file upload_20.cif (mmCIF, C-alpha atoms)
data_my_file
#
loop_
_atom_site.label_atom_id
_atom_site.label_comp_id
_atom_site.auth_asym_id
_atom_site.auth_seq_id
_atom_site.Cartn_x
_atom_site.Cartn_y
_atom_site.Cartn_z
CA MET A 1 150.94 70.72 224.95
CA GLY A 2 154.64 70.23 224.76
CA LEU A 3 157.80 71.06 226.57
CA PHE A 4 157.06 74.70 227.26
CA THR A 5 153.59 74.55 228.76
CA ALA A 6 153.16 75.08 232.46
CA ASP A 7 152.60 72.06 234.62
CA ILE A 8 148.98 71.24 235.31
CA LYS A 9 148.51 71.25 239.07
CA THR A 10 144.83 72.01 239.57
CA LEU A 11 141.49 71.26 237.93
CA ASP A 12 141.47 74.92 236.90
CA ASP A 13 144.81 74.44 235.06
CA LEU A 14 143.37 71.34 233.40
CA PHE A 15 140.23 73.24 232.35
CA VAL A 16 142.31 76.05 230.81
CA HIS A 17 144.53 73.50 229.07
CA GLN A 18 141.44 71.82 227.64
CA LEU A 19 140.14 75.19 226.42
CA GLN A 20 143.46 75.76 224.64
CA ASP A 21 143.33 72.28 223.14
CA ILE A 22 139.81 72.68 221.75
CA TYR A 23 140.63 76.22 220.57
CA TYR A 24 143.34 74.67 218.40
CA ALA A 25 141.01 71.85 217.35
CA GLU A 26 138.25 74.22 216.19
CA GLN A 27 140.79 76.20 214.16
CA GLN A 28 142.00 73.02 212.45
CA ILE A 29 138.40 72.08 211.72
CA THR A 30 137.80 75.42 209.95
CA LYS A 31 140.83 74.59 207.77
CA ALA A 32 139.63 71.04 207.04
CA LEU A 33 135.97 71.81 206.26
CA PRO A 34 136.54 73.68 202.96
CA LYS A 35 138.32 70.56 201.61
CA MET A 36 135.42 68.39 202.75
CA ILE A 37 132.95 70.80 201.12
CA SER A 38 134.82 70.58 197.84
CA LYS A 39 134.94 66.77 197.98
CA ALA A 40 131.25 66.24 198.84
CA THR A 41 128.92 65.43 195.93
CA ASP A 42 125.48 65.31 197.54
CA PRO A 43 124.16 68.91 197.65
CA GLN A 44 122.57 68.48 201.09
CA LEU A 45 125.83 67.12 202.51
CA LYS A 46 127.79 69.98 200.94
CA GLN A 47 125.33 72.47 202.42
CA SER A 48 125.52 70.81 205.83
CA PHE A 49 129.34 71.14 205.82
CA GLU A 50 129.03 74.79 204.75
CA MET A 51 126.64 75.45 207.61
CA HIS A 52 128.94 73.68 210.04
CA LEU A 53 131.86 75.84 208.91
CA LYS A 54 129.89 78.95 209.89
CA GLU A 55 128.91 77.33 213.18
CA THR A 56 132.56 76.45 213.88
CA GLU A 57 133.56 80.06 213.34
CA SER A 58 131.04 81.19 215.94
CA GLN A 59 132.16 78.38 218.26
CA ILE A 60 135.69 79.82 218.10
CA LYS A 61 134.31 83.22 219.14
CA ARG A 62 132.48 81.53 222.03
CA LEU A 63 135.75 79.94 223.17
CA GLU A 64 137.40 83.39 223.09
CA GLN A 65 134.54 84.64 225.24
CA VAL A 66 135.09 81.81 227.76
CA PHE A 67 138.85 82.51 227.90
CA GLN A 68 138.04 86.16 228.66
CA MET A 69 135.36 85.32 231.26
CA HIS A 70 137.88 83.06 232.97
CA GLY A 71 140.66 85.70 232.93
CA HIS A 72 142.87 84.17 230.28
CA LYS A 73 144.05 85.29 226.86
CA PRO A 74 142.92 82.95 224.05
CA LYS A 75 145.76 80.61 223.24
CA ALA A 76 145.95 77.39 221.22
CA VAL A 77 148.03 74.35 222.16
CA ASP A 78 148.72 71.41 219.87
CA CYS A 79 146.00 68.79 219.91
CA PRO A 80 147.35 65.51 218.48
CA ALA A 81 143.87 63.96 218.70
CA ILE A 82 142.23 66.32 216.21
CA ASP A 83 145.34 66.21 214.02
CA GLY A 84 145.01 62.41 213.90
CA ILE A 85 141.27 62.47 213.26
CA LEU A 86 141.66 64.97 210.40
CA LYS A 87 144.69 63.13 208.97
CA GLU A 88 142.65 59.95 208.86
CA ALA A 89 139.71 61.76 207.24
CA ASN A 90 142.03 63.07 204.56
CA GLU A 91 143.76 59.72 203.97
CA VAL A 92 140.51 57.76 203.67
CA ALA A 93 139.02 60.36 201.31
CA GLY A 94 142.13 60.05 199.14
CA GLU A 95 141.62 56.31 198.79
CA VAL A 96 137.97 56.31 197.74
CA GLY A 97 137.48 56.05 194.00
CA ASP A 98 133.68 56.46 193.80
CA LYS A 99 131.85 59.75 194.45
CA GLU A 100 128.93 58.26 196.33
CA VAL A 101 131.13 56.03 198.49
CA LEU A 102 133.24 59.12 199.16
CA ASP A 103 130.15 60.91 200.51
CA ALA A 104 129.60 58.01 202.94
CA ALA A 105 133.25 58.21 204.01
CA LEU A 106 133.00 62.00 204.47
CA VAL A 107 129.96 61.63 206.73
CA ALA A 108 131.82 59.06 208.86
CA SER A 109 134.86 61.35 209.14
CA ALA A 110 132.71 64.36 210.04
CA GLN A 111 130.97 62.32 212.73
CA ALA A 112 134.36 61.33 214.20
CA VAL A 113 135.16 65.05 214.46
CA GLU A 114 131.76 65.77 216.05
CA HIS A 115 132.22 62.99 218.60
CA TYR A 116 135.62 64.33 219.57
CA GLU A 117 134.05 67.71 220.18
CA ILE A 118 131.07 66.21 222.01
CA THR A 119 133.30 64.39 224.49
CA LYS A 120 135.61 67.39 225.02
CA TYR A 121 132.85 69.99 225.46
CA GLY A 122 131.01 67.57 227.77
CA THR A 123 134.12 67.26 229.93
CA MET A 124 134.78 71.02 229.94
CA ILE A 125 131.19 71.75 230.99
CA ALA A 126 131.47 69.29 233.92
CA TRP A 127 134.78 70.84 234.99
CA ALA A 128 133.48 74.42 234.64
CA LYS A 129 130.49 73.60 236.86
CA ARG A 130 132.74 71.93 239.43
CA LEU A 131 134.91 75.08 239.42
CA GLY A 132 131.83 77.22 240.12
CA ARG A 133 131.92 78.66 236.58
CA ASP A 134 128.32 78.03 235.58
CA ASP A 135 128.64 81.12 233.35
CA CYS A 136 131.41 79.45 231.29
CA ALA A 137 129.53 76.13 231.33
CA SER A 138 126.48 77.83 229.90
CA VAL A 139 128.42 79.29 226.94
CA LEU A 140 130.10 75.95 226.26
CA GLN A 141 126.71 74.19 226.47
CA GLN A 142 125.49 76.17 223.43
CA THR A 143 128.33 74.68 221.38
CA LEU A 144 127.76 71.17 222.75
CA ASP A 145 124.10 71.40 221.72
CA GLU A 146 125.15 72.44 218.21
CA GLU A 147 127.66 69.59 217.92
CA LYS A 148 125.09 67.02 219.02
CA ALA A 149 122.54 68.43 216.56
CA THR A 150 125.11 68.26 213.73
CA ASP A 151 125.96 64.66 214.61
CA GLN A 152 122.27 63.67 214.62
CA LYS A 153 121.69 65.45 211.32
CA LEU A 154 124.60 63.55 209.76
CA THR A 155 123.27 60.23 211.07
CA ALA A 156 119.83 60.97 209.61
CA MET A 157 121.31 62.02 206.27
CA ALA A 158 123.53 58.90 206.10
CA GLU A 159 120.73 56.51 206.97
CA SER A 160 118.06 58.11 204.78
CA LYS A 161 120.15 58.73 201.68
CA ILE A 162 123.96 58.76 201.59
CA ASN A 163 124.56 55.11 202.54
CA GLN A 164 121.81 53.98 200.18
CA LYS A 165 123.38 55.83 197.26
CA ALA A 166 126.78 54.39 198.18
CA ALA A 167 125.58 50.76 198.39
CA MET U 1 145.70 53.11 205.22
CA GLY U 2 148.65 54.13 203.14
CA LEU U 3 150.16 53.70 199.76
CA PHE U 4 149.75 49.96 199.50
CA THR U 5 146.10 49.48 200.39
CA ALA U 6 143.62 48.70 197.66
CA ASP U 7 141.47 51.51 196.37
CA ILE U 8 138.08 51.79 198.00
CA LYS U 9 135.48 51.54 195.25
CA THR U 10 132.35 50.27 197.02
CA LEU U 11 130.59 50.64 200.36
CA ASP U 12 131.68 47.07 201.03
CA ASP U 13 135.35 48.08 200.54
CA LEU U 14 134.78 51.03 202.88
CA PHE U 15 133.18 48.75 205.50
CA VAL U 16 136.11 46.33 205.37
CA HIS U 17 138.58 49.24 205.56
CA GLN U 18 136.74 50.53 208.63
CA LEU U 19 136.89 47.08 210.22
CA GLN U 20 140.66 47.04 209.65
CA ASP U 21 140.97 50.54 211.09
CA ILE U 22 139.05 49.73 214.29
CA TYR U 23 140.90 46.38 214.59
CA TYR U 24 144.13 48.39 214.79
CA ALA U 25 142.52 50.91 217.15
CA GLU U 26 141.34 48.24 219.61
CA GLN U 27 144.82 46.70 219.64
CA GLN U 28 146.38 50.09 220.43
CA ILE U 29 143.82 50.57 223.20
CA THR U 30 144.85 47.27 224.83
CA LYS U 31 148.43 48.58 224.82
CA ALA U 32 147.45 51.98 226.28
CA LEU U 33 145.11 50.76 229.03
CA PRO U 34 147.77 49.13 231.27
CA LYS U 35 149.56 52.53 231.43
CA MET U 36 146.29 54.24 232.35
CA ILE U 37 145.61 51.58 235.01
CA SER U 38 149.03 52.19 236.55
CA LYS U 39 148.53 55.98 236.54
CA ALA U 40 145.02 55.97 238.06
CA THR U 41 144.79 56.57 241.82
CA ASP U 42 141.09 56.16 242.56
CA PRO U 43 140.47 52.41 243.11
CA GLN U 44 137.10 52.47 241.32
CA LEU U 45 138.66 54.20 238.29
CA LYS U 46 141.53 51.70 238.25
CA GLN U 47 139.03 48.83 238.42
CA SER U 48 136.94 50.36 235.64
CA PHE U 49 140.01 50.54 233.36
CA GLU U 50 140.90 46.94 234.25
CA MET U 51 137.39 45.82 233.34
CA HIS U 52 137.54 47.78 230.10
CA LEU U 53 140.81 46.09 229.17
CA LYS U 54 139.09 42.71 229.43
CA GLU U 55 136.14 44.04 227.43
CA THR U 56 138.49 45.36 224.74
CA GLU U 57 140.11 41.94 224.41
CA SER U 58 136.71 40.36 223.77
CA GLN U 59 135.84 43.21 221.36
CA ILE U 60 138.93 42.27 219.33
CA LYS U 61 137.67 38.66 219.18
CA ARG U 62 134.29 39.97 218.01
CA LEU U 63 135.98 41.91 215.21
CA GLU U 64 137.80 38.73 214.15
CA GLN U 65 134.42 37.02 214.07
CA VAL U 66 132.98 39.78 211.85
CA PHE U 67 135.98 39.58 209.48
CA GLN U 68 135.37 35.84 209.18
CA MET U 69 131.59 36.19 208.72
CA HIS U 70 132.26 38.69 205.95
CA GLY U 71 134.84 36.46 204.23
CA HIS U 72 137.99 38.39 205.10
CA LYS U 73 141.09 37.59 207.09
CA PRO U 74 141.53 39.87 210.12
CA LYS U 75 143.96 42.63 209.20
CA ALA U 76 144.88 45.92 210.86
CA VAL U 77 145.56 49.17 209.00
CA ASP U 78 147.07 52.28 210.56
CA CYS U 79 144.53 54.51 212.26
CA PRO U 80 146.02 58.00 212.74
CA ALA U 81 142.93 59.05 214.72
CA ILE U 82 143.42 56.59 217.58
CA ASP U 83 147.17 57.21 217.50
CA GLY U 84 146.47 60.94 217.96
CA ILE U 85 143.89 60.42 220.69
CA LEU U 86 146.25 58.12 222.65
CA LYS U 87 149.24 60.41 222.08
CA GLU U 88 147.26 63.30 223.51
CA ALA U 89 146.14 61.18 226.49
CA ASN U 90 149.75 60.32 227.20
CA GLU U 91 151.02 63.89 226.80
CA VAL U 92 148.37 65.41 229.06
CA ALA U 93 148.94 62.74 231.73
CA GLY U 94 152.65 63.56 231.64
CA GLU U 95 151.94 67.22 232.38
CA VAL U 96 149.68 66.76 235.38
CA GLY U 97 151.46 67.13 238.70
CA ASP U 98 148.62 66.20 241.08
CA LYS U 99 147.23 62.68 241.51
CA GLU U 100 143.60 63.67 241.80
CA VAL U 101 143.76 66.07 238.87
CA LEU U 102 145.45 63.27 236.93
CA ASP U 103 142.44 61.02 237.61
CA ALA U 104 140.17 63.72 236.11
CA ALA U 105 142.45 63.96 233.07
CA LEU U 106 142.49 60.16 232.68
CA VAL U 107 138.68 60.00 232.69
CA ALA U 108 138.56 62.71 229.99
CA SER U 109 141.10 60.84 227.86
CA ALA U 110 139.27 57.53 228.28
CA GLN U 111 136.01 59.19 227.23
CA ALA U 112 137.69 60.57 224.09
CA VAL U 113 138.68 56.98 223.24
CA GLU U 114 135.14 55.74 223.95
CA HIS U 115 133.61 58.43 221.76
CA TYR U 116 135.91 57.53 218.88
CA GLU U 117 134.76 53.94 219.18
CA ILE U 118 131.10 54.93 219.56
CA THR U 119 131.16 56.93 216.31
CA LYS U 120 133.07 54.25 214.39
CA TYR U 121 130.97 51.28 215.56
CA GLY U 122 127.81 53.33 214.91
CA THR U 123 128.96 53.96 211.34
CA MET U 124 129.98 50.32 210.77
CA ILE U 125 126.61 49.06 212.01
CA ALA U 126 124.76 51.41 209.62
CA TRP U 127 126.97 50.28 206.72
CA ALA U 128 126.62 46.57 207.62
CA LYS U 129 122.83 46.87 207.64
CA ARG U 130 122.86 48.71 204.31
CA LEU U 131 125.01 45.89 202.89
CA GLY U 132 122.45 43.33 204.07
CA ARG U 133 124.81 42.07 206.78
CA ASP U 134 122.48 42.25 209.76
CA ASP U 135 124.47 39.35 211.22
CA CYS U 136 127.66 41.47 211.29
CA ALA U 137 125.70 44.50 212.54
CA SER U 138 124.35 42.47 215.42
CA VAL U 139 127.84 41.41 216.59
CA LEU U 140 129.13 44.98 216.29
CA GLN U 141 126.09 46.25 218.20
CA GLN U 142 127.19 44.26 221.27
CA THR U 143 130.45 46.22 221.30
CA LEU U 144 128.71 49.54 220.70
CA ASP U 145 126.46 48.87 223.69
CA GLU U 146 129.52 48.14 225.86
CA GLU U 147 131.30 51.31 224.71
CA LYS U 148 128.25 53.45 225.48
CA ALA U 149 127.89 51.82 228.91
CA THR U 150 131.58 52.48 229.65
CA ASP U 151 131.24 56.11 228.60
CA GLN U 152 128.19 56.59 230.82
CA LYS U 153 129.92 54.89 233.76
CA LEU U 154 132.91 57.24 233.36
CA THR U 155 130.62 60.29 233.25
CA ALA U 156 128.86 59.14 236.42
CA MET U 157 132.16 58.48 238.18
CA ALA U 158 133.59 61.85 237.13
CA GLU U 159 130.54 63.81 238.22
CA SER U 160 129.94 61.96 241.49
CA LYS U 161 133.53 61.77 242.71
CA ILE U 162 136.61 62.26 240.51
CA ASN U 163 136.04 65.92 239.55
CA GLN U 164 135.09 66.77 243.14
CA LYS U 165 138.33 65.29 244.47
CA ALA U 166 140.29 67.12 241.76
CA ALA U 167 138.73 70.54 242.48
#

call {"tool": "encode", "arguments": {"input": "upload_20.cif", "output": "structure tokens"}}
result
Amino acid sequence: MGLFTADIKTLDDLFVHQLQDIYYAEQQITKALPKMISKATDPQLKQSFEMHLKETESQIKRLEQVFQMHGHKPKAVDCPAIDGILKEANEVAGEVGDKEVLDAALVASAQAVEHYEITKYGTMIAWAKRLGRDDCASVLQQTLDEEKATDQKLTAMAESKINQKAA
Amino acid sequence: MGLFTADIKTLDDLFVHQLQDIYYAEQQITKALPKMISKATDPQLKQSFEMHLKETESQIKRLEQVFQMHGHKPKAVDCPAIDGILKEANEVAGEVGDKEVLDAALVASAQAVEHYEITKYGTMIAWAKRLGRDDCASVLQQTLDEEKATDQKLTAMAESKINQKAA
């Protein structure tokens, strides 16, 4: 986004803009995850973040594939939403003085990231289908399924263990 | 958040911090919704935003109730996540040059807000239950149910009409 982007006049423009936005977001997430890995104490949580870092890297490749399928060069535009979500994650983590409470805070922050991705991929899939790009929708669906699975795994981990240890 | 907040040492501190964060977020949402209402073209979308503004006002009252039940005065702390999500909503809307494409963009932005609330209320409910505050969890659950219903209504509206008009 910003002063130098082209005006958005069609749903296709909006779809491409959204691809650029999430392309930036996924890149920021790969930068944030190593910090979250280093802050996590619970080994299963640490491992889950490590796995999600690898997944995010393949999600970036999938986005590059969708750009190409849709005739565009991969390009990132600023995404204030993910910047805000990651800034908040970082600030909260910096204020927590107990390791087990920090794990609970990290899960909550990671789930905020997942939910941002879930809503954005969901929207992009609907737009791709409407634009007759079921091929793009199908690639994006793989990522959406991964994000939803990660979110559910985090919920299960929080409810079965992390929150209990923090309380 | 910030330099002057107390350190978070327990899950209870984290729960109260999260209440303060979402209290700020809901207030920002009540400020953002009138702009979204004025930008929306589709009458059903406009009406849905108007209804959600009223819902958000009662969600703020519910948060005040939870603060009170939990022995705290209602207080808002900065929430960079919602600021980022609303900034992005505003920026994208400013770049769209077609009314029907703008409606599609507004739905996407509103769903990003809903998903932020869904993840945060979900987390707060889990923490409240873990802290033995089923009474607080039950009040927060009412809001979570409303947020999920709003998100589903927006998806249905987008898929049945808004995206079609934008394409």

call {"tool": "interface_residues", "arguments": {"input": "upload_20.cif", "of": "chain A", "to": "chain U", "cutoff": "6 Å", "atoms": "all atoms listed in the file", "output": "mmCIF file with C-alpha atoms, keeping the file's coordinate frame"}}
result
data_model
loop_
_atom_site.group_PDB
_atom_site.id
_atom_site.type_symbol
_atom_site.label_atom_id
_atom_site.label_comp_id
_atom_site.auth_asym_id
_atom_site.auth_seq_id
_atom_site.Cartn_x
_atom_site.Cartn_y
_atom_site.Cartn_z
ATOM 1 C CA ASP A 7 152.600 72.060 234.620
ATOM 2 C CA ILE A 8 148.980 71.240 235.310
ATOM 3 C CA LYS A 9 148.510 71.250 239.070
ATOM 4 C CA LEU A 11 141.490 71.260 237.930
ATOM 5 C CA PRO A 80 147.350 65.510 218.480
ATOM 6 C CA ALA A 81 143.870 63.960 218.700
ATOM 7 C CA GLY A 84 145.010 62.410 213.900
ATOM 8 C CA ILE A 85 141.270 62.470 213.260
ATOM 9 C CA GLU A 88 142.650 59.950 208.860
ATOM 10 C CA GLU A 95 141.620 56.310 198.790
ATOM 11 C CA VAL A 96 137.970 56.310 197.740
ATOM 12 C CA GLY A 97 137.480 56.050 194.000
ATOM 13 C CA ASP A 98 133.680 56.460 193.800
ATOM 14 C CA VAL A 101 131.130 56.030 198.490
ATOM 15 C CA ALA A 112 134.360 61.330 214.200
ATOM 16 C CA HIS A 115 132.220 62.990 218.600
ATOM 17 C CA THR A 119 133.300 64.390 224.490
ATOM 18 C CA ALA A 166 126.780 54.390 198.180
ATOM 19 C CA ALA A 167 125.580 50.760 198.390
#

call {"tool": "residues_around", "arguments": {"input": "upload_20.cif", "residues": "segment 57-61 of chain U", "least_positions_apart": "3", "cutoff": "12 Å", "atoms": "all atoms listed in the file", "output": "number ranges by chain"}}
result
U: 19-31, 33, 50-54, 64-68, 74-76, 117, 121, 139-147

call {"tool": "atom_distance", "arguments": {"input": "upload_20.cif", "atom1": "atom CA of Asn90 of chain U", "atom2": "atom CA of Gln47 of chain U"}}
result
19.3 Å
